[in-house]
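Visitor: Compact mmCIF, C-alpha atoms, file target-v3.txt:
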# COMPACT_ATOMS: atom_id res chain seq x y z
CA MET A 261 65.82 22.33 -64.19
CA SER A 262 67.20 25.84 -64.60
CA GLY A 263 70.28 27.85 -63.80
CA PRO A 264 73.92 26.74 -63.94
CA ASN A 265 73.10 23.08 -63.21
CA ARG A 266 71.18 22.54 -66.44
CA PRO A 267 72.74 19.80 -68.60
CA ALA A 268 74.77 21.05 -71.57
CA LYS A 269 72.55 19.11 -74.00
CA VAL A 270 69.47 20.94 -72.73
CA VAL A 271 71.17 24.32 -73.11
CA VAL A 272 72.25 23.48 -76.66
CA ALA A 273 68.75 22.25 -77.52
CA ASP A 274 67.18 25.44 -76.16
CA PHE A 275 69.65 27.57 -78.13
CA ALA A 276 68.93 25.62 -81.32
CA ARG A 277 65.19 26.08 -80.75
CA TYR A 278 65.79 29.81 -80.37
CA LEU A 279 67.71 29.90 -83.65
CA ARG A 280 64.84 28.17 -85.48
CA THR A 281 62.54 31.16 -85.04
CA GLU A 282 62.38 33.45 -88.05
CA THR A 283 62.54 36.49 -85.77
CA THR A 284 65.97 35.39 -84.56
CA GLY A 285 67.16 34.54 -88.06
CA GLY A 286 66.03 37.94 -89.36
CA LEU A 287 67.80 39.76 -86.53
CA ILE A 288 71.06 37.82 -87.08
CA LEU A 289 70.89 38.53 -90.81
CA LEU A 290 70.28 42.22 -90.14
CA GLY A 291 73.21 42.29 -87.70
CA ALA A 292 75.54 40.64 -90.23
CA THR A 293 74.53 43.17 -92.87
CA ALA A 294 75.19 46.06 -90.50
CA VAL A 295 78.62 44.64 -89.58
CA ALA A 296 79.51 44.25 -93.27
CA LEU A 297 78.55 47.85 -94.07
CA LEU A 298 80.37 49.28 -91.04
CA TRP A 299 83.47 47.17 -91.65
CA ALA A 300 83.66 47.95 -95.37
CA ASN A 301 83.39 51.68 -94.62
CA SER A 302 85.86 51.72 -91.72
CA PRO A 303 89.61 52.46 -91.67
CA ILE A 304 90.26 48.68 -91.67
CA ASP A 305 88.25 47.97 -94.81
CA ASP A 306 91.37 46.51 -96.43
CA ILE A 307 91.21 43.63 -93.92
CA TYR A 308 87.60 42.98 -94.90
CA ARG A 309 88.44 42.83 -98.59
CA ALA A 310 91.53 40.69 -97.99
CA ILE A 311 89.46 38.10 -96.10
CA ARG A 312 86.60 38.18 -98.62
CA ASP A 313 88.93 37.76 -101.60
CA PHE A 314 91.24 35.16 -100.02
CA ARG A 315 91.29 31.96 -102.09
CA LEU A 316 91.26 28.42 -100.77
CA GLY A 317 90.29 25.00 -102.03
CA PRO A 318 91.64 22.68 -104.73
CA GLU A 319 91.82 23.85 -108.32
CA PHE A 320 90.46 20.43 -109.27
CA LEU A 321 86.79 20.75 -110.34
CA HIS A 322 87.09 24.55 -110.19
CA LEU A 323 86.96 24.65 -106.37
CA ASN A 324 89.77 27.17 -105.81
CA LEU A 325 87.29 29.85 -104.71
CA THR A 326 87.40 33.05 -102.70
CA ILE A 327 85.85 33.12 -99.21
CA GLY A 328 83.05 35.25 -100.68
CA ASP A 329 82.42 32.66 -103.40
CA TRP A 330 82.37 29.81 -100.87
CA ALA A 331 79.74 31.78 -98.94
CA LYS A 332 77.47 32.39 -101.92
CA ASP A 333 77.99 29.02 -103.66
CA GLY A 334 78.34 26.73 -100.64
CA LEU A 335 76.60 28.20 -97.62
CA LEU A 336 73.60 29.42 -99.61
CA ALA A 337 73.11 25.86 -100.89
CA LEU A 338 72.39 24.82 -97.29
CA PHE A 339 69.88 27.64 -96.93
CA PHE A 340 68.12 26.66 -100.17
CA PHE A 341 68.10 23.01 -99.09
CA VAL A 342 66.18 23.94 -95.93
CA ALA A 343 63.81 26.14 -97.96
CA GLY A 344 63.27 23.26 -100.42
CA LEU A 345 62.43 20.89 -97.55
CA GLU A 346 59.79 23.25 -96.19
CA LEU A 347 58.29 23.94 -99.60
CA LYS A 348 58.05 20.20 -100.36
CA ARG A 349 56.29 19.62 -97.04
CA GLU A 350 53.76 22.35 -97.73
CA LEU A 351 53.11 21.02 -101.24
CA VAL A 352 52.53 17.45 -100.09
CA VAL A 353 50.85 17.68 -96.67
CA GLY A 354 50.44 21.38 -95.92
CA GLU A 355 48.67 24.55 -97.01
CA LEU A 356 49.62 24.08 -100.68
CA SER A 357 48.39 20.51 -101.10
CA ARG A 358 45.35 21.73 -103.10
CA PHE A 359 46.06 22.91 -106.67
CA LYS A 360 44.22 26.25 -106.44
CA GLN A 361 46.08 27.12 -103.26
CA ALA A 362 49.44 25.99 -104.63
CA ILE A 363 49.12 27.81 -107.95
CA LEU A 364 48.62 31.31 -106.49
CA PRO A 365 52.17 31.83 -105.15
CA VAL A 366 53.55 30.40 -108.40
CA VAL A 367 51.54 32.89 -110.49
CA ALA A 368 52.43 35.68 -108.05
CA ALA A 369 56.13 34.79 -108.28
CA ILE A 370 56.02 34.86 -112.09
CA GLY A 371 54.36 38.27 -112.02
CA GLY A 372 56.90 39.35 -109.43
CA MET A 373 59.71 38.46 -111.84
CA ILE A 374 58.35 39.71 -115.16
CA VAL A 375 57.12 43.14 -114.05
CA PRO A 376 60.32 44.17 -112.15
CA ALA A 377 62.41 43.08 -115.15
CA LEU A 378 60.25 45.16 -117.51
CA VAL A 379 60.34 48.15 -115.15
CA ALA A 380 64.13 47.93 -114.85
CA LEU A 381 64.53 47.69 -118.62
CA SER A 382 62.20 50.68 -119.13
CA VAL A 383 63.98 52.90 -116.61
CA GLY A 384 67.49 51.93 -117.70
CA TRP A 385 66.90 51.57 -121.44
CA GLY A 386 70.01 52.45 -123.40
CA THR A 387 72.31 52.39 -120.37
CA PRO A 388 75.40 50.19 -120.73
CA GLY A 389 74.97 47.06 -118.61
CA ILE A 390 71.17 47.14 -118.42
CA GLU A 391 71.03 44.16 -120.82
CA ARG A 392 72.27 42.10 -117.84
CA ALA A 393 71.28 44.25 -114.86
CA TRP A 394 67.54 43.85 -115.54
CA ALA A 395 67.80 40.45 -113.82
CA ILE A 396 68.87 41.97 -110.48
CA PRO A 397 65.37 42.97 -109.23
CA VAL A 398 63.65 39.67 -110.13
CA ALA A 399 64.52 37.95 -106.81
CA THR A 400 62.94 38.09 -103.34
CA ASP A 401 65.05 37.34 -100.27
CA ILE A 402 63.40 34.47 -98.35
CA ALA A 403 65.26 34.88 -95.07
CA PHE A 404 64.88 38.65 -94.76
CA ALA A 405 61.25 38.64 -95.89
CA LEU A 406 60.24 35.91 -93.44
CA GLY A 407 62.17 37.68 -90.68
CA VAL A 408 60.26 40.93 -91.26
CA LEU A 409 56.97 39.00 -91.38
CA ALA A 410 57.76 37.25 -88.08
CA LEU A 411 58.67 40.55 -86.40
CA THR A 412 55.60 42.49 -87.51
CA ALA A 413 52.70 40.16 -88.31
CA SER A 414 52.10 37.91 -85.32
CA ASN A 415 48.32 38.04 -85.74
CA LEU A 416 48.15 37.29 -89.45
CA PRO A 417 46.92 33.79 -90.35
CA SER A 418 49.57 31.11 -90.85
CA SER A 419 48.65 31.00 -94.53
CA ALA A 420 50.40 34.38 -94.94
CA ARG A 421 53.76 32.84 -94.07
CA VAL A 422 53.18 29.85 -96.36
CA PHE A 423 52.22 32.16 -99.23
CA LEU A 424 55.32 34.31 -98.75
CA LEU A 425 57.64 31.30 -98.38
CA SER A 426 56.28 29.61 -101.50
CA LEU A 427 56.36 32.84 -103.49
CA ALA A 428 59.95 33.54 -102.46
CA VAL A 429 61.19 30.00 -103.17
CA VAL A 430 59.59 29.93 -106.65
CA ASP A 431 60.89 33.46 -107.24
CA ASP A 432 64.44 32.51 -106.27
CA LEU A 433 64.27 29.31 -108.34
CA GLY A 434 63.33 31.48 -111.30
CA ALA A 435 66.19 33.83 -110.52
CA ILE A 436 68.61 30.90 -110.34
CA LEU A 437 67.36 29.70 -113.74
CA VAL A 438 68.04 33.21 -115.05
CA ILE A 439 71.57 32.91 -113.63
CA ALA A 440 72.00 29.51 -115.26
CA ILE A 441 70.84 30.79 -118.67
CA LEU A 442 72.41 34.26 -118.75
CA PHE A 443 75.51 34.02 -116.58
CA THR A 444 76.85 30.53 -117.21
CA ALA A 445 80.07 31.01 -119.16
CA LYS A 446 80.42 27.35 -120.06
CA PHE A 447 78.35 24.22 -119.51
CA ASP A 448 80.02 20.90 -118.66
CA LEU A 449 77.75 18.13 -119.93
CA VAL A 450 79.65 15.36 -118.09
CA ALA A 451 79.38 17.15 -114.73
CA ALA A 452 75.68 17.82 -115.38
CA GLY A 453 75.21 14.11 -116.07
CA VAL A 454 76.91 13.23 -112.77
CA ALA A 455 74.58 15.65 -110.97
CA VAL A 456 71.49 14.06 -112.56
CA VAL A 457 72.67 10.55 -111.61
CA ALA A 458 73.43 11.66 -108.03
CA LEU A 459 69.99 13.27 -107.68
CA ALA A 460 68.32 10.15 -109.09
CA LEU A 461 70.24 7.97 -106.62
CA TYR A 462 69.20 10.29 -103.76
CA ALA A 463 65.54 9.97 -104.79
CA TYR A 464 65.85 6.17 -105.06
CA LEU A 465 67.43 5.91 -101.59
CA GLN A 466 64.63 8.04 -100.18
CA HIS A 467 62.10 5.74 -101.83
CA ARG A 468 63.86 2.67 -100.37
CA ARG A 469 63.75 4.27 -96.89
CA VAL A 470 67.54 4.33 -96.47
CA ARG A 471 68.39 6.54 -93.48
CA SER A 472 72.20 6.47 -93.14
CA ALA A 473 73.88 9.88 -93.04
CA TRP A 474 77.11 8.11 -94.11
CA ILE A 475 75.49 7.68 -97.53
CA TYR A 476 73.52 10.91 -97.85
CA VAL A 477 76.20 13.42 -96.80
CA PRO A 478 78.79 12.26 -99.39
CA LEU A 479 76.02 12.01 -102.01
CA ALA A 480 74.91 15.58 -101.27
CA LEU A 481 78.52 16.80 -101.57
CA ILE A 482 78.95 14.96 -104.88
CA THR A 483 75.73 16.57 -106.15
CA TRP A 484 76.90 20.04 -105.09
CA VAL A 485 80.35 19.64 -106.68
CA ALA A 486 78.83 18.27 -109.90
CA VAL A 487 76.31 21.10 -110.21
CA HIS A 488 79.04 23.66 -109.50
CA SER A 489 81.42 22.06 -112.00
CA ALA A 490 78.69 21.96 -114.64
CA GLY A 491 78.61 25.76 -114.59
CA ILE A 492 75.17 25.97 -112.96
CA HIS A 493 74.86 27.99 -109.76
CA ALA A 494 75.41 25.50 -106.96
CA THR A 495 72.39 26.60 -104.89
CA ILE A 496 70.20 24.70 -107.37
CA ALA A 497 71.66 21.50 -105.86
CA GLY A 498 70.26 22.46 -102.46
CA VAL A 499 66.77 23.14 -103.79
CA ALA A 500 66.72 19.92 -105.85
CA LEU A 501 67.80 17.75 -102.90
CA GLY A 502 65.21 19.39 -100.65
CA LEU A 503 62.39 18.77 -103.13
CA LEU A 504 63.41 15.10 -103.50
CA THR A 505 63.33 14.41 -99.75
CA ARG A 506 60.46 12.30 -98.39
CA VAL A 507 57.92 14.28 -96.35
CA ARG A 508 55.38 11.63 -95.29
CA ALA A 509 56.22 9.65 -92.16
CA ASP A 510 55.84 5.88 -92.40
CA GLU A 511 53.92 3.84 -89.86
CA GLY A 512 55.95 3.67 -86.68
CA GLU A 513 58.12 6.61 -87.78
CA GLU A 514 57.83 9.62 -85.49
CA HIS A 515 58.96 12.17 -88.10
CA SER A 516 59.64 12.08 -91.82
CA PRO A 517 63.19 12.67 -93.15
CA ALA A 518 62.22 16.19 -94.30
CA VAL A 519 61.02 17.18 -90.83
CA ARG A 520 64.10 15.67 -89.14
CA LEU A 521 66.51 17.39 -91.53
CA GLU A 522 64.75 20.73 -91.31
CA HIS A 523 64.83 20.51 -87.51
CA ARG A 524 68.56 19.79 -87.46
CA LEU A 525 69.73 22.15 -90.20
CA GLN A 526 67.54 25.23 -89.65
CA PRO A 527 69.75 26.62 -86.82
CA TRP A 528 72.88 26.22 -88.97
CA SER A 529 71.17 27.92 -91.88
CA ALA A 530 69.86 30.81 -89.77
CA ALA A 531 72.92 31.38 -87.60
CA VAL A 532 75.80 30.51 -89.94
CA ALA A 533 75.01 30.13 -93.65
CA VAL A 534 72.88 33.19 -94.40
CA PRO A 535 74.66 35.64 -92.03
CA LEU A 536 78.09 34.72 -93.41
CA PHE A 537 76.83 35.20 -96.95
CA ALA A 538 75.46 38.62 -95.95
CA LEU A 539 78.74 39.50 -94.23
CA PHE A 540 80.72 38.98 -97.45
CA ALA A 541 78.07 40.21 -99.91
CA ALA A 542 76.85 43.44 -98.30
CA GLY A 543 80.24 45.05 -97.67
CA ILE A 544 80.10 47.92 -100.15
CA LYS A 545 81.44 51.45 -99.94
CA VAL A 546 78.65 53.86 -99.03
CA ASP A 547 79.10 57.63 -98.97
CA GLY A 548 77.09 60.69 -99.94
CA GLU A 549 78.34 60.60 -103.50
CA SER A 550 77.49 56.93 -104.09
CA LEU A 551 74.07 57.28 -102.43
CA GLY A 552 73.31 60.27 -104.63
CA ALA A 553 74.43 58.30 -107.69
CA VAL A 554 71.87 55.58 -106.93
CA PHE A 555 69.05 58.11 -107.45
CA THR A 556 70.62 60.00 -110.36
CA THR A 557 72.23 57.21 -112.42
CA ALA A 558 69.97 55.19 -114.69
CA LEU A 559 71.25 51.67 -113.95
CA PRO A 560 71.02 51.66 -110.11
CA LEU A 561 67.77 53.64 -110.31
CA ALA A 562 66.36 50.93 -112.59
CA VAL A 563 67.26 48.30 -109.99
CA LEU A 564 65.72 50.32 -107.17
CA VAL A 565 62.44 51.08 -108.97
CA GLY A 566 62.24 47.51 -110.23
CA LEU A 567 62.47 46.10 -106.70
CA VAL A 568 60.24 48.58 -104.86
CA GLY A 569 57.60 49.34 -107.50
CA GLY A 570 57.90 46.41 -109.88
CA LYS A 571 57.62 43.76 -107.18
CA LEU A 572 54.54 45.36 -105.61
CA VAL A 573 52.71 45.71 -108.93
CA GLY A 574 53.84 42.33 -110.29
CA ILE A 575 53.00 40.17 -107.26
CA PHE A 576 49.73 41.89 -106.37
CA GLY A 577 48.59 42.26 -109.98
CA ALA A 578 49.28 38.62 -110.88
CA SER A 579 47.53 37.44 -107.70
CA LEU A 580 44.49 39.59 -108.41
CA ILE A 581 44.19 38.36 -112.01
CA ALA A 582 44.60 34.70 -111.00
CA VAL A 583 41.88 34.92 -108.33
CA LYS A 584 39.48 37.03 -110.43
CA PHE A 585 39.68 34.51 -113.28
CA LYS A 586 39.23 31.65 -110.78
CA LEU A 587 42.59 30.10 -111.60
CA ALA A 588 43.54 30.26 -107.92
CA GLU A 589 42.14 30.91 -104.45
CA LYS A 590 43.19 33.48 -101.89
CA PRO A 591 45.11 32.00 -98.95
CA ARG A 592 42.86 31.00 -96.05
CA GLY A 593 41.88 33.94 -93.83
CA MET A 594 43.69 36.58 -95.91
CA GLY A 595 42.27 39.68 -97.61
CA TRP A 596 43.60 41.75 -100.48
CA ARG A 597 45.22 44.27 -98.13
CA ASP A 598 47.18 41.42 -96.54
CA ILE A 599 48.35 40.30 -99.98
CA GLY A 600 49.26 43.92 -100.78
CA ALA A 601 51.49 44.09 -97.69
CA LEU A 602 53.16 40.80 -98.61
CA SER A 603 53.62 42.05 -102.18
CA MET A 604 55.51 45.05 -100.85
CA LEU A 605 57.64 42.71 -98.76
CA GLY A 606 58.56 40.93 -102.01
CA GLY A 607 60.69 43.97 -102.84
CA VAL A 608 63.31 42.83 -100.32
CA GLY A 609 65.78 41.52 -102.88
CA PHE A 610 68.97 41.24 -100.82
CA THR A 611 70.53 37.72 -101.03
CA VAL A 612 69.95 36.60 -104.63
CA SER A 613 69.77 40.17 -105.98
CA LEU A 614 73.26 40.85 -104.58
CA LEU A 615 74.38 37.56 -106.09
CA ILE A 616 73.05 38.49 -109.55
CA ALA A 617 74.62 41.96 -109.26
CA ASP A 618 77.99 40.27 -108.65
CA LEU A 619 77.52 38.06 -111.70
CA ALA A 620 76.01 40.64 -114.05
CA LEU A 621 78.25 43.67 -113.53
CA ASP A 622 81.76 44.71 -112.62
CA GLY A 623 83.69 47.77 -111.50
CA GLU A 624 81.79 50.79 -110.20
CA ALA A 625 78.51 49.53 -111.68
CA VAL A 626 78.36 46.52 -109.37
CA GLU A 627 78.91 48.72 -106.29
CA LEU A 628 76.12 51.10 -107.36
CA ALA A 629 73.78 48.19 -108.14
CA LYS A 630 74.47 46.64 -104.73
CA ALA A 631 73.81 49.98 -103.03
CA ALA A 632 70.52 50.17 -104.95
CA VAL A 633 69.58 46.66 -103.77
CA LEU A 634 70.31 47.58 -100.13
CA ILE A 635 68.36 50.86 -100.34
CA ALA A 636 65.42 49.21 -102.13
CA SER A 637 65.37 46.35 -99.62
CA GLY A 638 65.35 48.87 -96.77
CA ILE A 639 62.50 50.87 -98.31
CA ALA A 640 60.47 47.72 -99.07
CA SER A 641 61.01 46.17 -95.64
CA LEU A 642 60.11 49.36 -93.73
CA SER A 643 57.05 50.02 -95.88
CA ALA A 644 55.90 46.42 -95.62
CA ALA A 645 56.53 46.40 -91.86
CA ALA A 646 54.23 49.41 -91.41
CA MET A 647 51.53 47.78 -93.55
CA LEU A 648 51.87 44.42 -91.79
CA LEU A 649 51.70 45.97 -88.31
CA HIS A 650 48.43 47.66 -89.30
CA ARG A 651 47.03 44.44 -90.77
CA SER A 652 48.12 42.49 -87.69
CA ARG A 653 46.17 44.90 -85.46
CA VAL A 654 43.13 44.54 -87.72
CA HIS A 655 43.27 40.74 -87.48
CA ALA A 656 43.70 40.94 -83.71
CA ARG A 657 40.52 43.05 -83.42
CA GLU A 658 38.66 40.64 -85.70
CA ASP A 659 39.76 37.68 -83.56
CA LEU A 660 38.46 39.44 -80.45
What would you get if you wrote out this structure as C-alpha cells?
Guide:
Amino acid sequence: MSGPNRPAKVVVADFARYLRTETTGGLILLGATAVALLWANSPIDDIYRAIRDFRLGPEFLHLNLTIGDWAKDGLLALFFFVAGLELKRELVVGELSRFKQAILPVVAAIGGMIVPALVALSVGWGTPGIERAWAIPVATDIAFALGVLALTASNLPSSARVFLLSLAVVDDLGAILVIAILFTAKFDLVAAGVAVVALALYAYLQHRRVRSAWIYVPLALITWVAVHSAGIHATIAGVALGLLTRVRADEGEEHSPAVRLEHRLQPWSAAVAVPLFALFAAGIKVDGESLGAVFTTALPLAVLVGLVGGKLVGIFGASLIAVKFKLAEKPRGMGWRDIGALSMLGGVGFTVSLLIADLALDGEAVELAKAAVLIASGIASLSAAAMLLHRSRVHAREDL
C-alpha cells in the first residue's frame, strides 16, 4: 500500500527505519551543528544563549540544571546506552566474539587516547590551562564518525564499521573515566552505592528474564540519577546499562532484549538525543579573529594537532604494533590503508571533546578550545572521507 491511504503505523515504522540508518543520523547531526553555529553568530544569539542557559528541574539531588546540561548529561546517556547495547552484541555474538578480534579496537583506542594527550601536552606545554585541556583530544565522536563512514564507505567490509564502533565506544569510555577522575569536584559515596545496587538489580532482572518496562524504566532513571548525584558523568550510566543487557535470544524468543531495545531507541537517539546535544554544545562565536587565534594560540592549537595528528598516529600505530606482535588480528577483509582511513576518522572529536572542553576550561579559553574541536573535526572528517571514498572504490573493483 502506498500514497495517502497508507496506515499511520506503517508511515511511522518507515520513518523510524529511515532514522536508524547512520547516514540519516550523520546528516541530522551535521544539520544541528550548522544551526547552532548560525544561530550563535546571528543577531538573535542572545535568544540562543538564554535558552541554553535556562535552568529547570528540582534542586533535590542536584537536578536543577541548564537546558545545555540536560542535553549533555541526560540525552547523551540515551545515546551511550544504544552504543553500549550494540557493543555488547558484537562482543557476545558478533565480529568481536573472538579475543584477537576484540582486542584490536581496545588497543587502538588506548593508543588513540595516549598519543593525542601527549601531543597536546607537547604543543601546549607551559600554557595556562593545558594541565586540564590535554584531555580534550582523547575522545572520538561515535555518531559523527559512523555517519561519515556510512556516507563514504559503502563498499568496505562490515568489519570496518564494527572496528570503528568498538574503537569509539572504548575511546569514549576512557574519556568518561578521565572526566570522572579529573573533573569530579566531589564524590558522593552513598549515591555511588545506590547506583551499584541499581545496576546489580538490573543485571539480576535480565538474568531472570523479566521483561516489564514498568520495572526497567524507573530502574534506569534511578541509576541515572544516582550516577549523576555521585559526581560521575551521567553518561556512564547509559553505557553500564547497555553492557548489562542480555544479547542472546532464548528458545522461542524472536529477538533478545538488546536487539529489541536498540531497534526501539535508535531513532530517538539519532533524531533527538544527539542533535539536541549538538545544538546546545556547538553554538560558539566564530569570526576571523577567533579562527586566527585557533592557529596562533598554543592551547587551541594543541587541541587541534592532538585530534588531527595525534589520533591518526595513535590509532594506526597501536593497531600496527598489536598485529605485528600477534596480539591481535586485522579485521576481516581489511587492509592497512583501510585502517589508516579509519584512524584519520578517529580525529572527529566533537561530542565528548566539546563536553570535556566545557568541563576543563572557562571564559575565552573554552570558546577557543571548542572552535579548535570543530575545525579539527572538520579537517579529520573531510580527509577521512576522501581516503574512504578511494578505499571504497578499490574494494568495489576487487569485488568485481
Visitor: Kindly indicate which residue among A:Asn301, A:Gly543, A:Phe359, A:Asp333 lies nearest to Glu589 (chain A), using all atoms listed in the file for the distances.
Guide: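 Residue with the minimum atom-to-atom distance to Glu589 (chain A): A:Phe359.
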Visitor: Just give me the residues with any atom within 10 Å of (75.8, 21.4, -106.8), file coordinates, counting all atoms listed in the file, written as a ChimeraX atom specification.
Guide: /A:333-334,337,451-452,455,480-501
Visitor: Could you check the closest approach to Ile311 (chain A) for each of A:Ala413, A:Ala331, A:Leu642, A:Ala562 and tell me which residue wins, using only C-alpha atoms?
Guide: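 Of A:Ala413, A:Ala331, A:Leu642, A:Ala562, the one nearest Ile311 (chain A), counting only C-alpha atoms, is A:Ala331.
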Visitor: One decimal, in Å: what's the spacing between CA of Phe610 (chain A) and CA of Ala588 (chain A)?
Guide: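 Interatomic distance here is 28.6 Å.
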Visitor: Quote the spacing between CA of Ala629 (chain A) and CA of Gly607 (chain A) in Å to one decimal place.
Guide: 14.7 Å
Visitor: Which is closer to Ala405 (chain A) than all the others in A:Leu298, A:Leu364, A:Val532, A:Leu424, using only C-alpha atoms?
Guide: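 When distances to Ala405 (chain A) are compared using only C-alpha atoms, the smallest one comes from A:Leu424.
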Visitor: I'd like the neighbourhood of Leu427 (chain A) as a list in words, where a residue qualifies if any of its atoms comes within 9 Å (using only C-alpha atoms), though same-chain residues fewer than 3 positions away should be ignored.
Guide: Leu364, Pro365, Val366, Val367, Ala368, Ala369, Ile370, Gly372, Thr400, Ile402, Val422, Phe423, Leu424, Val430, Asp431, Asp432, Ile575 and Gly606 of chain A
Visitor: Pick the closest to Ser613 (chain A) from A:Arg309, A:Arg508, A:Arg421, A:Lys332: which is it, counting only C-alpha atoms?
Guide: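 The answer is A:Lys332, which sits nearest to Ser613 (chain A).
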Visitor: Just how far from CA of Phe341 (chain A) is CA of Asp598 (chain A), in Å to one decimal?
Guide: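 It comes out at 28.0 Å.
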Visitor: Considering only C-alpha atoms, state which residue in the set A:Ile599, A:Leu559, A:Leu465, A:Ile544 is at the smallest distance from Leu504 (chain A).
Guide: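 Smallest distance to Leu504 (chain A) is found for A:Leu465.
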Visitor: Could the centre and edge lengths of an axis-aligned box, enclosing all atoms of region 566-574 of chain A in the file with 6 Å extra on each side, be given in Å to one decimal as AutoDock Vina command-line options?
Guide:
--center_x 57.6 --center_y 45.8 --center_z -107.6 --size_x 21.8 --size_y 19.0 --size_z 17.4
